[in-house]
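Enquirer: Just work-v8.csv, nothing more (CSV, C-alpha atoms):
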```csv
chain,number,residue,atom,x,y,z
A,1,MET,CA,11.3,-19.0,7.4
A,2,LYS,CA,9.2,-15.9,7.8
A,3,GLN,CA,8.2,-13.9,4.8
A,4,THR,CA,9.3,-10.3,4.7
A,5,GLU,CA,6.8,-7.6,3.8
A,6,ALA,CA,8.7,-7.0,0.6
A,7,GLN,CA,8.3,-10.7,-0.3
A,8,PHE,CA,4.6,-10.6,0.6
A,9,GLN,CA,4.1,-7.5,-1.5
A,10,LYS,CA,5.5,-9.4,-4.5
A,11,VAL,CA,3.1,-12.2,-3.9
A,12,VAL,CA,0.1,-9.9,-3.6
A,13,VAL,CA,1.0,-8.0,-6.7
A,14,ARG,CA,1.4,-11.2,-8.7
A,15,TYR,CA,-1.9,-12.6,-7.4
A,16,ILE,CA,-3.8,-9.4,-8.3
A,17,ARG,CA,-2.3,-9.3,-11.8
A,18,LEU,CA,-3.0,-12.9,-12.5
A,19,GLN,CA,-6.5,-13.1,-10.9
A,20,TYR,CA,-7.8,-9.7,-11.8
A,21,LYS,CA,-6.3,-8.7,-15.2
A,22,GLU,CA,-8.8,-5.8,-15.6
A,23,LEU,CA,-7.3,-4.0,-12.5
A,24,LEU,CA,-4.2,-1.8,-12.5
A,25,VAL,CA,-2.1,-2.3,-9.4
A,26,PHE,CA,1.0,-0.3,-8.6
A,27,ALA,CA,3.4,0.3,-5.7
A,28,VAL,CA,4.0,3.6,-3.9
A,29,ARG,CA,7.7,3.6,-2.8
A,30,ASN,CA,7.7,5.6,0.4
A,31,GLU,CA,10.3,3.9,2.6
A,32,GLY,CA,14.0,3.8,2.5
A,33,LYS,CA,17.0,5.7,3.9
A,34,ARG,CA,17.8,9.0,2.3
A,35,SER,CA,20.0,12.0,3.1
A,36,VAL,CA,18.3,15.0,4.6
A,37,LYS,CA,18.7,16.9,1.4
A,38,GLU,CA,17.2,14.1,-0.7
A,39,GLN,CA,14.4,13.6,1.8
A,40,SER,CA,13.6,17.4,1.5
A,41,ILE,CA,13.6,17.2,-2.3
A,42,ILE,CA,11.4,14.1,-2.4
A,43,LYS,CA,8.9,15.6,0.2
A,44,SER,CA,8.6,18.7,-2.0
A,45,MET,CA,7.8,16.4,-4.9
A,46,GLY,CA,4.8,14.9,-2.9
A,47,LEU,CA,6.3,12.2,-0.7
A,48,THR,CA,3.7,11.7,2.1
A,49,SER,CA,4.3,9.6,5.2
A,50,GLY,CA,1.8,6.8,5.8
A,51,VAL,CA,0.7,6.3,2.2
A,52,SER,CA,-0.4,2.8,1.4
A,53,ASP,CA,1.9,0.2,-0.1
A,54,LEU,CA,-0.3,-0.4,-3.1
A,55,VAL,CA,-2.9,1.4,-5.1
A,56,VAL,CA,-5.4,-0.7,-7.2
A,57,LEU,CA,-7.4,1.0,-9.9
A,58,GLY,CA,-10.6,-0.6,-11.2
A,59,ASN,CA,-13.2,0.5,-13.7
A,60,ASN,CA,-15.7,3.3,-13.2
A,61,GLY,CA,-13.5,5.3,-10.9
A,62,LYS,CA,-13.0,2.6,-8.3
A,63,VAL,CA,-9.8,2.9,-6.3
A,64,LEU,CA,-8.5,0.7,-3.5
A,65,PHE,CA,-5.6,1.4,-1.2
A,66,LEU,CA,-3.8,-1.6,0.2
A,67,GLU,CA,-1.4,-1.6,3.2
A,68,LEU,CA,0.5,-4.9,3.6
A,69,LYS,CA,1.4,-6.1,7.0
A,70,SER,CA,2.9,-9.2,8.7
A,71,GLU,CA,0.4,-11.2,10.8
A,72,LYS,CA,1.4,-9.2,13.9
A,73,GLY,CA,2.0,-5.9,12.1
A,74,LYS,CA,0.0,-2.8,13.1
A,75,LEU,CA,-0.6,0.5,11.4
A,76,THR,CA,1.6,3.4,12.4
A,77,GLN,CA,0.0,6.7,13.4
A,78,ASN,CA,0.9,8.2,10.0
A,79,GLN,CA,-0.7,5.2,8.3
A,80,LYS,CA,-3.9,5.6,10.4
A,81,ASN,CA,-4.0,9.2,9.4
A,82,PHE,CA,-3.7,8.4,5.7
A,83,LYS,CA,-6.4,5.7,6.1
A,84,ARG,CA,-8.8,8.2,7.6
A,85,GLU,CA,-8.1,10.7,4.8
A,86,VAL,CA,-8.7,8.1,2.1
A,87,GLU,CA,-12.0,6.9,3.7
A,88,ILE,CA,-13.2,10.5,4.2
A,89,ARG,CA,-12.9,10.9,0.5
A,90,GLY,CA,-15.0,7.8,-0.2
A,91,PHE,CA,-12.3,5.4,-1.2
A,92,ARG,CA,-11.6,1.9,0.2
A,93,TYR,CA,-8.6,1.2,2.3
A,94,GLU,CA,-7.7,-2.3,3.4
A,95,VAL,CA,-5.0,-3.9,5.5
A,96,VAL,CA,-3.8,-7.2,4.0
A,97,LYS,CA,-2.1,-9.7,6.2
A,98,ASN,CA,-2.6,-12.8,4.0
A,99,ILE,CA,-4.1,-14.0,0.8
A,100,VAL,CA,-7.0,-16.5,1.0
A,101,SER,CA,-8.2,-17.6,-2.4
```
Take the structure in the file and write it out as structure tokens.
Expert:
Amino acid sequence: MKQTEAQFQKVVVRYIRLQYKELLVFAVRNEGKRSVKEQSIIKSMGLTSGVSDLVVLGNNGKVLFLELKSEKGKLTQNQKNFKREVEIRGFRYEVVKNIVS
């Protein structure tokens, strides 16, 4: 049985929280079906297409953006644009397709 990206995200979050207790990891909920009105409201509140699935905060201002993909998954154009913006600002952005410990 194939693991969904949602299931994989749960595994990644659990792994980070258990292995790296000093880090703060949180999800950015960007997907989902919404009405046009709700979408407009959320966009005005800062919803940005392409934002990574997870943000990991470390010590000394270190920030890591993680995009989770299936083995064959590829970044969308919006995700590529977000990755570029993150890296221009000096932050790390990684695509995670599996966990190897």
Enquirer: Which residue, A:Leu75, A:Phe65, A:Ile88, A:Leu54, has the smallest gap to Lys10 in chain A when you use all atoms listed in the file?
Expert: A:Leu54
Enquirer: Between A:Asn98, A:Thr4, A:Gln77, A:Gln9, which has the minimum distance to Ser49 in chain A (counting only C-alpha atoms)?
Expert: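 Residue with the minimum atom-to-atom distance to Ser49 in chain A: A:Gln77.
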Enquirer: Between A:Ser70, A:Asn59, A:Gln39, A:Gln79, which residue has the minimum interatomic distance to Ile99 in chain A, considering all atoms listed in the file?
Expert: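 Looking at the shortest contact to Ile99 in chain A, the residue is A:Ser70.
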Enquirer: So how many Å separate CA of Met45 in chain A and CA of Arg14 in chain A, to one decimal?
Expert: 28.6 Å
Enquirer: Rounded to one decimal, what separation in Å do you get between CA of Tyr93 in chain A and CA of Ser52 in chain A?
Expert: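 Between these atoms lies a distance of 8.4 Å.
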Enquirer: Could you check the closest approach to Ile16 in chain A for each of A:Glu71, A:Ile42, A:Gly58, A:Thr48 and tell me which residue wins, using only C-alpha atoms?
Expert: A:Gly58
Enquirer: In Å, with one decimal, what is the gap from CA of Ala6 in chain A to CA of Arg92 in chain A?
Expert: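 Those two atoms sit 22.2 Å apart.
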Enquirer: Would you please work out which residue, of A:Lys97, A:Glu87, A:Val55, A:Asn30, is nearest to Lys43 in chain A when using all atoms listed in the file?
Expert: A:Asn30
